[in-house]
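One file, protein_25.txt, carrying compact mmCIF, C-alpha atoms:
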```txt
# COMPACT_ATOMS: atom_id res chain seq x y z
CA MET V 556 119.98 101.05 129.16
CA ALA V 557 118.78 102.86 126.03
CA PHE V 558 115.37 101.72 124.84
CA LEU V 559 115.73 102.52 121.13
CA ALA V 560 118.12 100.66 118.81
CA ALA V 561 121.58 102.17 118.44
CA SER V 562 121.27 101.80 114.66
CA LEU V 563 118.79 104.70 114.66
CA ASP V 564 121.63 107.01 115.69
CA ARG V 565 123.14 106.50 112.23
CA VAL V 566 119.97 107.48 110.34
CA LYS V 567 118.37 110.81 109.43
CA PRO V 568 114.68 111.40 108.59
CA SER V 569 113.79 111.74 104.90
CA ALA V 570 114.30 115.37 103.82
CA THR V 571 111.87 115.06 100.91
CA ILE V 572 109.08 113.85 103.19
CA ALA V 573 109.91 116.61 105.69
CA VAL V 574 109.65 119.32 103.01
CA SER V 575 106.32 117.97 101.77
CA GLN V 576 104.99 117.88 105.33
CA LYS V 577 106.07 121.49 106.01
CA ALA V 578 104.42 122.60 102.77
CA ARG V 579 101.18 120.85 103.82
CA GLU V 580 101.29 122.57 107.21
CA LEU V 581 101.74 126.02 105.66
CA LYS V 582 98.87 125.32 103.24
CA ALA V 583 96.67 124.35 106.18
CA GLN V 584 97.51 127.73 107.73
CA GLY V 585 96.22 129.46 104.60
CA MET V 586 99.48 130.10 102.73
CA ASP V 587 99.49 129.73 98.94
CA VAL V 588 102.18 127.04 98.58
CA ILE V 589 103.42 125.41 95.38
CA GLY V 590 105.03 122.09 96.29
CA LEU V 591 107.88 120.95 94.06
CA GLY V 592 109.33 118.62 96.67
CA ALA V 593 107.69 115.27 95.96
CA GLY V 594 108.85 112.84 93.27
CA GLU V 595 105.42 111.87 92.03
CA PRO V 596 103.83 112.16 88.57
CA ASP V 597 100.73 114.36 88.51
CA PHE V 598 99.13 112.10 85.87
CA ASP V 599 96.44 109.66 86.96
CA THR V 600 96.99 105.90 86.69
CA PRO V 601 95.84 104.85 83.18
CA ASP V 602 92.28 103.53 82.95
CA ASN V 603 93.25 100.05 81.68
CA ILE V 604 95.39 99.52 84.78
CA LYS V 605 92.65 100.72 87.13
CA GLN V 606 90.15 98.48 85.34
CA ALA V 607 92.44 95.46 85.80
CA ALA V 608 92.46 96.14 89.54
CA ILE V 609 88.67 96.43 89.64
CA GLU V 610 88.30 93.15 87.78
CA ALA V 611 90.73 91.48 90.18
CA ILE V 612 88.59 92.61 93.11
CA HIS V 613 85.47 91.21 91.47
CA ARG V 614 87.27 87.90 90.82
CA GLY V 615 88.09 87.67 94.51
CA GLU V 616 91.84 88.16 94.13
CA THR V 617 91.98 89.44 97.69
CA LYS V 618 93.87 86.68 99.49
CA TYR V 619 97.48 86.38 100.57
CA THR V 620 99.86 86.07 97.64
CA PRO V 621 103.13 84.14 97.32
CA ILE V 622 105.90 86.05 99.09
CA SER V 623 107.83 86.87 95.92
CA GLY V 624 104.74 87.83 93.93
CA ILE V 625 101.94 86.22 91.98
CA PRO V 626 103.19 83.99 89.11
CA GLN V 627 101.46 86.17 86.51
CA LEU V 628 103.38 89.25 87.62
CA ARG V 629 106.72 87.50 87.91
CA ASP V 630 106.19 86.19 84.38
CA ALA V 631 105.34 89.71 83.16
CA ILE V 632 108.50 91.05 84.83
CA SER V 633 110.62 88.35 83.21
CA LYS V 634 109.20 89.24 79.80
CA LYS V 635 109.66 92.96 80.42
CA PHE V 636 113.35 92.52 81.22
CA LYS V 637 113.84 90.47 78.02
CA ARG V 638 111.75 92.77 75.82
CA GLU V 639 113.09 96.12 76.96
CA ASN V 640 116.54 95.40 78.40
CA GLY V 641 117.77 92.23 76.71
CA LEU V 642 118.13 90.56 80.12
CA ASP V 643 117.24 86.91 80.66
CA TYR V 644 115.77 86.64 84.14
CA LYS V 645 113.58 83.58 84.64
CA PRO V 646 110.39 84.24 86.68
CA GLU V 647 111.98 82.52 89.69
CA GLN V 648 114.84 85.06 89.45
CA THR V 649 112.43 87.92 90.08
CA ILE V 650 110.84 89.31 93.22
CA VAL V 651 107.95 91.70 93.85
CA SER V 652 107.99 93.98 96.88
CA THR V 653 106.05 96.88 98.35
CA GLY V 654 107.75 99.55 96.25
CA GLY V 655 111.27 99.93 94.92
CA LYS V 656 112.51 101.13 98.31
CA HIS V 657 111.45 97.79 99.81
CA VAL V 658 113.44 95.90 97.17
CA LEU V 659 116.56 97.94 97.89
CA PHE V 660 116.23 97.48 101.63
CA ASN V 661 115.75 93.71 101.37
CA ALA V 662 118.78 93.38 99.09
CA PHE V 663 120.94 95.26 101.59
CA MET V 664 119.51 93.32 104.53
CA ALA V 665 120.30 90.04 102.74
CA THR V 666 123.92 90.91 101.98
CA LEU V 667 125.49 93.50 104.28
CA ASN V 668 127.70 92.67 107.25
CA PRO V 669 129.34 95.19 109.61
CA GLY V 670 132.22 96.87 107.80
CA ASP V 671 130.88 96.21 104.29
CA GLU V 672 131.05 99.34 102.13
CA VAL V 673 128.51 100.52 99.56
CA ILE V 674 129.70 103.06 96.98
CA ILE V 675 127.04 105.72 96.45
CA PRO V 676 127.59 108.56 93.95
CA ALA V 677 126.43 111.95 95.24
CA PRO V 678 124.02 113.59 94.76
CA TYR V 679 122.00 110.54 95.75
CA TRP V 680 118.41 109.71 96.60
CA VAL V 681 118.10 110.55 100.29
CA SER V 682 117.21 106.99 101.38
CA TYR V 683 120.26 105.23 99.91
CA PRO V 684 122.85 105.89 102.65
CA GLU V 685 120.25 105.59 105.40
CA MET V 686 119.18 102.14 104.23
CA VAL V 687 122.81 101.02 104.07
CA ALA V 688 123.39 102.26 107.63
CA LEU V 689 120.22 100.63 108.96
CA CYS V 690 121.31 97.31 107.46
CA GLY V 691 124.71 97.49 109.17
CA GLY V 692 126.82 98.60 106.21
CA THR V 693 128.96 101.68 105.63
CA PRO V 694 127.90 104.15 102.93
CA LYS V 695 130.92 105.38 100.96
CA VAL V 696 129.80 108.57 99.26
CA VAL V 697 131.68 109.70 96.14
CA GLU V 698 130.89 113.23 95.03
CA THR V 699 130.31 114.04 91.38
CA ARG V 700 130.70 117.48 89.80
CA GLN V 701 128.17 119.72 88.10
CA GLU V 702 130.80 120.43 85.43
CA GLU V 703 130.65 116.72 84.56
CA ASN V 704 126.83 116.69 84.60
CA PHE V 705 126.78 114.99 88.01
CA LYS V 706 128.06 111.72 86.55
CA LEU V 707 130.56 109.43 88.25
CA THR V 708 133.76 108.97 86.27
CA PRO V 709 135.51 105.61 85.91
CA GLU V 710 138.55 107.11 87.66
CA ALA V 711 136.48 108.14 90.69
CA LEU V 712 134.84 104.70 90.87
CA GLU V 713 138.23 102.96 90.68
CA LYS V 714 139.60 105.13 93.48
CA ALA V 715 136.59 104.43 95.74
CA ILE V 716 136.77 100.64 95.55
CA THR V 717 138.47 98.91 98.49
CA PRO V 718 138.65 95.28 99.68
CA LYS V 719 135.61 96.11 101.86
CA THR V 720 133.42 97.21 98.96
CA LYS V 721 130.32 94.98 98.73
CA TRP V 722 128.07 96.99 96.38
CA PHE V 723 128.21 99.75 93.81
CA LEU V 724 124.80 101.45 93.90
CA PHE V 725 123.89 102.95 90.54
CA ASN V 726 120.90 105.14 89.58
CA SER V 727 120.26 106.36 86.03
CA PRO V 728 118.35 108.52 85.28
CA SER V 729 119.20 109.99 88.64
CA ASN V 730 117.06 111.18 91.48
CA PRO V 731 117.83 114.04 92.26
CA THR V 732 119.75 115.39 89.24
CA GLY V 733 118.02 113.74 86.27
CA ALA V 734 121.47 112.86 84.92
CA ALA V 735 121.47 109.73 82.74
CA TYR V 736 124.48 107.74 81.56
CA THR V 737 124.97 106.95 77.89
CA HIS V 738 125.95 103.45 76.82
CA ASP V 739 129.58 104.51 76.46
CA GLU V 740 129.65 106.29 79.84
CA LEU V 741 128.19 103.20 81.47
CA LYS V 742 130.73 100.99 79.67
CA GLY V 743 133.49 103.03 81.28
CA LEU V 744 132.09 102.16 84.72
CA THR V 745 131.46 98.50 83.94
CA ASP V 746 135.06 98.13 82.67
CA VAL V 747 136.21 99.18 86.14
CA LEU V 748 133.82 96.77 87.82
CA MET V 749 135.08 93.90 85.68
CA ARG V 750 138.48 94.36 87.33
CA HIS V 751 137.01 93.97 90.83
CA GLU V 752 135.17 90.66 91.04
CA HIS V 753 134.17 91.12 94.70
CA VAL V 754 132.01 94.18 93.92
CA TRP V 755 128.34 93.61 93.16
CA VAL V 756 126.13 96.04 91.24
CA MET V 757 122.76 97.30 92.46
CA THR V 758 121.09 99.35 89.73
CA ASP V 759 117.97 101.42 90.38
CA ASP V 760 116.27 101.87 87.00
CA MET V 761 113.04 103.41 88.30
CA TYR V 762 113.13 106.31 85.80
CA GLU V 763 114.04 104.14 82.81
CA HIS V 764 111.17 105.34 80.60
CA LEU V 765 111.61 109.03 81.41
CA VAL V 766 114.49 110.03 79.12
CA TYR V 767 114.34 112.87 76.63
CA GLY V 768 115.33 113.73 73.10
CA ASP V 769 117.19 110.90 71.37
CA PHE V 770 118.73 109.56 74.59
CA GLN V 771 118.86 105.75 74.71
CA PHE V 772 118.52 104.11 78.12
CA ALA V 773 120.89 101.28 79.10
CA THR V 774 121.37 99.25 82.28
CA PRO V 775 124.69 97.77 83.56
CA ALA V 776 124.13 94.04 82.93
CA GLN V 777 122.89 94.91 79.43
CA VAL V 778 126.04 96.91 78.66
CA GLU V 779 128.36 94.30 80.20
CA PRO V 780 126.75 90.82 80.19
CA ALA V 781 129.65 89.42 82.21
CA LEU V 782 128.30 91.36 85.21
CA TYR V 783 124.96 89.50 85.05
CA ASP V 784 125.81 87.08 87.88
CA ARG V 785 126.61 89.89 90.33
CA THR V 786 123.98 92.45 89.39
CA ILE V 787 120.51 93.05 90.78
CA THR V 788 118.36 95.11 88.42
CA ILE V 789 115.65 97.05 90.27
CA ASN V 790 112.62 98.75 88.78
CA GLY V 791 108.95 99.39 89.49
CA VAL V 792 105.69 100.76 88.16
CA SER V 793 105.55 103.97 90.20
CA LYS V 794 107.00 106.55 87.82
CA ALA V 795 106.36 105.44 84.24
CA TYR V 796 102.84 104.19 84.99
CA ALA V 797 101.86 106.89 87.53
CA MET V 798 101.29 104.20 90.18
CA THR V 799 103.16 105.62 93.18
CA GLY V 800 100.43 104.76 95.68
CA TRP V 801 100.01 101.20 94.42
CA ARG V 802 103.45 100.40 95.94
CA ILE V 803 104.87 97.81 93.56
CA GLY V 804 108.60 97.49 93.01
CA TYR V 805 110.43 94.52 91.52
CA ALA V 806 113.86 93.17 90.70
CA GLY V 807 115.69 90.53 88.72
CA GLY V 808 118.92 88.98 89.91
CA PRO V 809 120.92 85.86 90.76
CA LEU V 810 118.68 83.13 92.17
CA LYS V 811 120.65 82.83 95.43
CA LEU V 812 120.14 86.52 96.20
CA ILE V 813 116.47 86.48 95.22
CA LYS V 814 115.85 83.49 97.51
CA ALA V 815 117.56 85.30 100.40
CA MET V 816 115.40 88.38 99.80
CA ASP V 817 112.32 86.14 99.65
CA MET V 818 113.22 84.70 103.07
CA ILE V 819 113.58 88.18 104.57
CA GLN V 820 110.34 89.38 103.02
CA GLY V 821 108.59 86.30 104.34
CA GLN V 822 109.42 87.31 107.91
CA GLN V 823 108.81 90.99 107.27
CA THR V 824 105.76 91.83 105.11
CA SER V 825 105.00 88.68 103.09
CA GLY V 826 103.60 89.36 99.63
CA ALA V 827 102.75 92.81 98.27
CA CYS V 828 99.11 93.92 97.91
CA SER V 829 97.25 91.40 95.74
CA ILE V 830 95.15 93.99 93.89
CA ALA V 831 98.16 96.20 93.16
CA GLN V 832 99.99 93.16 91.76
CA TRP V 833 97.19 92.44 89.30
CA ALA V 834 97.22 96.10 88.27
CA ALA V 835 100.97 95.82 87.69
CA VAL V 836 100.44 92.78 85.44
CA GLU V 837 98.31 94.97 83.19
CA ALA V 838 100.83 97.82 83.41
CA LEU V 839 103.66 95.64 82.11
CA ASN V 840 101.67 93.51 79.65
CA GLY V 841 99.10 96.06 78.44
CA THR V 842 99.36 99.04 76.12
CA GLN V 843 102.39 101.28 76.54
CA ASP V 844 100.97 104.02 74.27
CA PHE V 845 100.63 106.62 77.04
CA ILE V 846 104.32 106.49 77.99
CA PRO V 847 105.62 108.51 74.98
CA THR V 848 102.77 111.01 75.48
CA ASN V 849 103.59 111.53 79.14
CA ARG V 850 107.30 111.65 78.37
CA ALA V 851 106.74 114.44 75.83
CA MET V 852 104.83 116.45 78.43
CA PHE V 853 107.63 116.00 80.97
CA GLU V 854 110.20 117.07 78.38
CA LYS V 855 108.25 120.25 77.65
CA ARG V 856 108.06 120.99 81.38
CA ARG V 857 111.79 120.36 81.78
CA ASP V 858 112.58 122.87 79.06
CA LEU V 859 110.26 125.46 80.64
CA VAL V 860 111.78 125.09 84.11
CA VAL V 861 115.41 125.04 82.94
CA SER V 862 114.86 128.17 80.84
CA MET V 863 113.11 130.13 83.60
CA LEU V 864 115.51 129.11 86.39
CA ASN V 865 118.51 130.10 84.31
CA GLN V 866 116.96 133.57 84.13
CA ALA V 867 116.94 133.81 87.94
CA ARG V 868 119.72 135.83 89.51
CA GLY V 869 122.37 133.66 91.13
CA ILE V 870 121.04 130.33 89.81
CA GLU V 871 122.66 127.99 87.30
CA CYS V 872 120.44 125.11 86.12
CA PRO V 873 121.77 122.25 83.97
CA SER V 874 119.36 120.50 81.59
CA PRO V 875 118.87 116.88 82.74
CA GLU V 876 118.62 113.90 80.37
CA GLY V 877 115.86 112.15 82.30
CA ALA V 878 113.59 111.71 85.35
CA PHE V 879 111.46 114.75 86.34
CA TYR V 880 113.82 116.79 88.48
CA VAL V 881 116.18 119.71 88.03
CA TYR V 882 119.12 120.29 90.35
CA PRO V 883 120.18 123.92 89.99
CA SER V 884 123.12 125.51 91.81
CA VAL V 885 122.43 128.48 94.09
CA LYS V 886 126.12 129.25 94.56
CA GLY V 887 125.53 132.77 93.25
CA THR V 888 123.16 133.57 96.13
CA ILE V 889 125.38 132.46 99.01
CA GLY V 890 126.19 135.36 101.31
CA MET V 891 123.23 137.44 100.18
CA LYS V 892 120.46 138.70 102.48
CA THR V 893 116.71 138.10 102.27
CA LYS V 894 114.03 140.76 102.74
CA ALA V 895 113.85 139.65 106.37
CA GLY V 896 117.55 140.37 106.79
CA LYS V 897 118.64 136.71 107.02
CA VAL V 898 121.96 135.79 105.42
CA ILE V 899 121.87 132.82 103.04
CA ALA V 900 124.81 130.75 104.24
CA ASN V 901 123.94 127.51 102.43
CA ASP V 902 121.32 125.80 100.27
CA GLU V 903 119.15 124.91 103.27
CA ASP V 904 118.89 128.60 104.15
CA PHE V 905 117.94 129.30 100.52
CA VAL V 906 115.07 126.80 100.37
CA THR V 907 113.77 127.78 103.83
CA ALA V 908 113.66 131.47 102.91
CA LEU V 909 112.12 130.67 99.52
CA LEU V 910 109.30 128.72 101.18
CA GLU V 911 108.66 131.37 103.82
CA GLN V 912 108.84 134.36 101.47
CA GLU V 913 107.33 133.03 98.24
CA GLY V 914 105.57 129.79 99.17
CA VAL V 915 107.62 127.53 96.87
CA ALA V 916 108.69 124.20 98.41
CA VAL V 917 111.85 122.56 97.06
CA VAL V 918 114.46 120.32 98.74
CA HIS V 919 117.95 121.53 99.64
CA GLY V 920 120.77 119.78 97.84
CA SER V 921 122.80 119.03 100.96
CA ALA V 922 120.07 116.49 101.87
CA PHE V 923 121.13 114.62 98.72
CA GLY V 924 124.80 114.81 99.63
CA LEU V 925 125.89 117.70 97.40
CA GLY V 926 125.28 121.43 97.51
CA PRO V 927 124.78 124.32 97.25
CA ASN V 928 121.88 123.19 95.07
CA PHE V 929 118.21 122.36 95.36
CA ARG V 930 116.01 119.70 93.81
CA ALA V 931 112.76 120.75 92.21
CA SER V 932 110.29 118.29 90.70
CA TYR V 933 108.58 119.35 87.48
CA ALA V 934 105.94 116.64 87.76
CA THR V 935 103.12 119.17 87.99
CA SER V 936 101.15 121.40 85.62
CA ASP V 937 102.73 123.94 83.27
CA GLU V 938 100.75 126.71 84.98
CA LEU V 939 102.04 125.85 88.46
CA LEU V 940 105.59 125.42 87.19
CA GLU V 941 105.54 128.80 85.46
CA GLU V 942 104.16 130.46 88.60
CA ALA V 943 106.72 128.69 90.82
CA CYS V 944 109.62 129.74 88.60
CA THR V 945 108.31 133.31 88.49
CA ARG V 946 108.31 133.32 92.29
CA ILE V 947 111.84 131.91 92.39
CA GLN V 948 112.98 134.64 90.00
CA ARG V 949 111.29 137.24 92.20
CA PHE V 950 112.87 135.78 95.34
CA CYS V 951 116.35 135.81 93.82
CA GLY V 952 115.82 139.34 92.56
CA SER V 953 114.93 140.48 96.08
CA LEU V 954 118.20 139.28 97.59
CA ASP V 955 120.74 141.91 98.51
CA ARG V 956 124.42 142.00 99.36
```
Exercise: express the given structure as structure tokens:
Amino acid sequence: MAFLAASLDRVKPSATIAVSQKARELKAQGMDVIGLGAGEPDFDTPDNIKQAAIEAIHRGETKYTPISGIPQLRDAISKKFKRENGLDYKPEQTIVSTGGKHVLFNAFMATLNPGDEVIIPAPYWVSYPEMVALCGGTPKVVETRQEENFKLTPEALEKAITPKTKWFLFNSPSNPTGAAYTHDELKGLTDVLMRHEHVWVMTDDMYEHLVYGDFQFATPAQVEPALYDRTITINGVSKAYAMTGWRIGYAGGPLKLIKAMDMIQGQQTSGACSIAQWAAVEALNGTQDFIPTNRAMFEKRRDLVVSMLNQARGIECPSPEGAFYVYPSVKGTIGMKTKAGKVIANDEDFVTALLEQEGVAVVHGSAFGLGPNFRASYATSDELLEEACTRIQRFCGSLDR
């Protein structure tokens, strides 16, 4: 009899974590490595948020919290949804978990039965299909096209829906492509969903505040209010507030679903870290002045990276509307040989050779369900980004037929 659960056979390790770990190992061996694999802002958590956490410690806010979150944070989340998204979620319709990933997992665990399908546009965040599989569902991956800016079309969504479809999982701006849907593009998708009442919508809005130029963010239940009763809107403080390590994600949704997720969380982790919750209260209720400043810095970095990568031989890099990733194609390098004589047969070969030859760590696109591309994060300094792109240009220039 096998000791480990059979469900593990359906799951792969996280490629982004694996790349970061390999980069750390090479650094420890003395190699000069620039890591562009992790999705983490390089900015520090703002001082007012850190101060709120310190004050919470001094007040003795160090006990167990209610499973779904402290009342002050659930109230702040409710107000945030109303203020920024026009969504009326009462505090009892919200839940706080240990990061956005935890929210997603609990929602799947609360709803999926064997045979239930979850539509996931590709490229996708690496954890989406694995979470679906772990929770007993079936990921139904629908590929997008670079020519359409990696956005799912209404026609493709319509074609993917079957009687077994339980969820449509939506992420805008996208990890890994940075693609963000306009109001009208989103309306095209919600019009399809309105024709299929058995399909629920899970929207991951983690990069909501990281959109560039005059782009206006929108979320599904905001665009189509009639979807409100079958939508869970997921967000968190990690990206916009540079609070990745604080591990606070949250959601608003139908009360029945939130209660089911609360029950699961109660048997799983109980409430999220008390101090991190008080910091998140300040993040949502306090000054938002630093967000436009940080966003402007990310936009400048995006423009730098897109420009330099498009000057690299064999690479085509679209300019994303949001998040802090680029997702360039390396189609022009396939079949070429490295200095070491290795043939680049796919995007994984490309990123492996790039790391070994030039010390630049990125993640191969096939890990996100669509290649030949790679994901590079530009959430690091201008100097490191310029050096990394120079190395990528040099690497591409060294390839030979």
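The closest residue to Gln701 (chain V), picked from V:Asn928, V:Gln771, V:Gln576, V:Gln948 and counting all atoms listed in the file, is V:Asn928.
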Across V:Ala922, V:Val917, V:Leu839, V:Ile947, the smallest distance to Ser569 (chain V), with only C-alpha atoms counted, is shown by V:Ala922
task = Kindly provide, as number ranges by chain, the polymer residues lying within 10 Å of (113.6, 82.2, 87.5), counting all atoms listed in the file and using the coordinates exactly as they appear in the file.
result = V: 629-630, 633, 643-650, 807-810, 813
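Across the structure, CA of Val898 (chain V) and CA of Thr945 (chain V) are spaced 21.9 Å apart.
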Practice item. Choose the residue, out of V:Phe660, V:Phe950, V:Phe879, V:Phe845, that has the smallest atom-to-atom separation from Ala895 (chain V); count only C-alpha atoms. Key: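 Using only C-alpha atoms, Ala895 (chain V) sits closest to V:Phe950.
Note that CA of Gln584 (chain V) and CA of Asp904 (chain V) are 21.7 Å apart.
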Query raised in the report: Do you know which residues are at most 10 Å from region 739-748 of chain V counting all atoms listed in the file, after dropping those on the same chain fewer than 2 positions away, and could you put them as a PyMOL selection string?
Result: chain V and resi 706-713+716+723+727+735-737+750-756+773-782
Rank V:Thr653, V:Asn840, V:Ser729, V:Ser921 by their smallest atom-to-atom distance to Val906 (chain V), using only C-alpha atoms, and report the top residue only.
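Closest residue, counting only C-alpha atoms: V:Ser921.
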Counting only C-alpha atoms, the option among V:Asp597, V:Asp564, V:Asp817, V:Glu911 closest to Leu689 (chain V)
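That would be V:Asp564, the residue with the smallest distance to Leu689 (chain V).
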Pairwise distance, CA of Met852 (chain V) with CA of Val574 (chain V), equals 25.2 Å
Assuming 6 Å of padding per side, give the centre and edge lengths of the axis-aligned box around every listed atom of region 762-779 of chain V, in Å to one decimal and as AutoDock Vina command-line options.
```
--center_x 119.8 --center_y 103.9 --center_z 78.6 --size_x 29.2 --size_y 31.7 --size_z 26.4
```
Shortest contact to Thr617 (chain V), candidates V:Glu871, V:Phe905, V:Val566, V:Gln832, atoms counted only C-alpha atoms, goes to V:Gln832
message: The residues within 10 Å of (131.8, 91.9, 105.5), using only C-alpha atoms and the coordinates of the file, should be reported as a PyMOL selection string; which are they?
response: chain V and resi 666-672+691-692+718-721
(request) May I have the residues within 8 Å of Val792 (chain V) as a ChimeraX atom specification, using all atoms listed in the file and disregarding those fewer than 2 positions away in the same chain? (result) /V:761,790,794-799,803-804,835,838
How about completing region 778-801 of chain V with N, CA and C atoms and giving it to me as a JSON list (two decimals), in the frame of the given file?
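See rebuild.json below for the written result:
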```json
[["chain", "number", "residue", "atom", "x", "y", "z"],
["V", 778, "VAL", "N", 124.82, 96.37, 79.27],
["V", 778, "VAL", "CA", 126.04, 96.91, 78.66],
["V", 778, "VAL", "C", 127.20, 95.93, 78.81],
["V", 779, "GLU", "N", 127.28, 95.27, 79.96],
["V", 779, "GLU", "CA", 128.36, 94.30, 80.20],
["V", 779, "GLU", "C", 127.75, 93.00, 80.71],
["V", 780, "PRO", "N", 127.40, 92.08, 79.80],
["V", 780, "PRO", "CA", 126.75, 90.82, 80.19],
["V", 780, "PRO", "C", 127.55, 90.00, 81.20],
["V", 781, "ALA", "N", 128.84, 90.19, 81.26],
["V", 781, "ALA", "CA", 129.65, 89.42, 82.21],
["V", 781, "ALA", "C", 129.37, 89.82, 83.66],
["V", 782, "LEU", "N", 128.68, 90.94, 83.86],
["V", 782, "LEU", "CA", 128.30, 91.36, 85.21],
["V", 782, "LEU", "C", 126.96, 90.76, 85.65],
["V", 783, "TYR", "N", 126.31, 90.03, 84.79],
["V", 783, "TYR", "CA", 124.96, 89.50, 85.05],
["V", 783, "TYR", "C", 124.88, 88.76, 86.38],
["V", 784, "ASP", "N", 125.87, 87.93, 86.69],
["V", 784, "ASP", "CA", 125.81, 87.08, 87.88],
["V", 784, "ASP", "C", 126.06, 87.82, 89.18],
["V", 785, "ARG", "N", 126.45, 89.08, 89.11],
["V", 785, "ARG", "CA", 126.61, 89.89, 90.33],
["V", 785, "ARG", "C", 125.92, 91.25, 90.22],
["V", 786, "THR", "N", 124.79, 91.23, 89.53],
["V", 786, "THR", "CA", 123.98, 92.45, 89.39],
["V", 786, "THR", "C", 122.54, 92.17, 89.79],
["V", 787, "ILE", "N", 121.95, 93.08, 90.56],
["V", 787, "ILE", "CA", 120.51, 93.05, 90.78],
["V", 787, "ILE", "C", 119.94, 94.29, 90.09],
["V", 788, "THR", "N", 118.97, 94.05, 89.22],
["V", 788, "THR", "CA", 118.36, 95.11, 88.42],
["V", 788, "THR", "C", 117.00, 95.43, 89.00],
["V", 789, "ILE", "N", 116.85, 96.65, 89.51],
["V", 789, "ILE", "CA", 115.65, 97.05, 90.27],
["V", 789, "ILE", "C", 114.83, 98.05, 89.47],
["V", 790, "ASN", "N", 113.52, 97.86, 89.51],
["V", 790, "ASN", "CA", 112.62, 98.75, 88.78],
["V", 790, "ASN", "C", 111.28, 98.76, 89.50],
["V", 791, "GLY", "N", 110.27, 99.33, 88.88],
["V", 791, "GLY", "CA", 108.95, 99.39, 89.49],
["V", 791, "GLY", "C", 107.97, 100.09, 88.57],
["V", 792, "VAL", "N", 106.73, 100.17, 89.00],
["V", 792, "VAL", "CA", 105.69, 100.76, 88.16],
["V", 792, "VAL", "C", 105.32, 102.18, 88.58],
["V", 793, "SER", "N", 105.97, 102.69, 89.62],
["V", 793, "SER", "CA", 105.55, 103.97, 90.20],
["V", 793, "SER", "C", 105.63, 105.14, 89.24],
["V", 794, "LYS", "N", 106.75, 105.31, 88.57],
["V", 794, "LYS", "CA", 107.00, 106.55, 87.82],
["V", 794, "LYS", "C", 106.42, 106.50, 86.41],
["V", 795, "ALA", "N", 106.81, 105.49, 85.63],
["V", 795, "ALA", "CA", 106.36, 105.44, 84.24],
["V", 795, "ALA", "C", 104.86, 105.23, 84.11],
["V", 796, "TYR", "N", 104.26, 104.53, 85.08],
["V", 796, "TYR", "CA", 102.84, 104.19, 84.99],
["V", 796, "TYR", "C", 101.98, 105.01, 85.95],
["V", 797, "ALA", "N", 102.59, 106.03, 86.59],
["V", 797, "ALA", "CA", 101.86, 106.89, 87.53],
["V", 797, "ALA", "C", 101.13, 106.05, 88.58],
["V", 798, "MET", "N", 101.86, 105.14, 89.21],
["V", 798, "MET", "CA", 101.29, 104.20, 90.18],
["V", 798, "MET", "C", 102.01, 104.29, 91.53],
["V", 799, "THR", "N", 102.39, 105.48, 91.94],
["V", 799, "THR", "CA", 103.16, 105.62, 93.18],
["V", 799, "THR", "C", 102.45, 105.00, 94.38],
["V", 800, "GLY", "N", 101.16, 105.25, 94.52],
["V", 800, "GLY", "CA", 100.43, 104.76, 95.68],
["V", 800, "GLY", "C", 100.10, 103.28, 95.65],
["V", 801, "TRP", "N", 100.28, 102.64, 94.51],
["V", 801, "TRP", "CA", 100.01, 101.20, 94.42],
["V", 801, "TRP", "C", 101.13, 100.38, 95.09]]
```
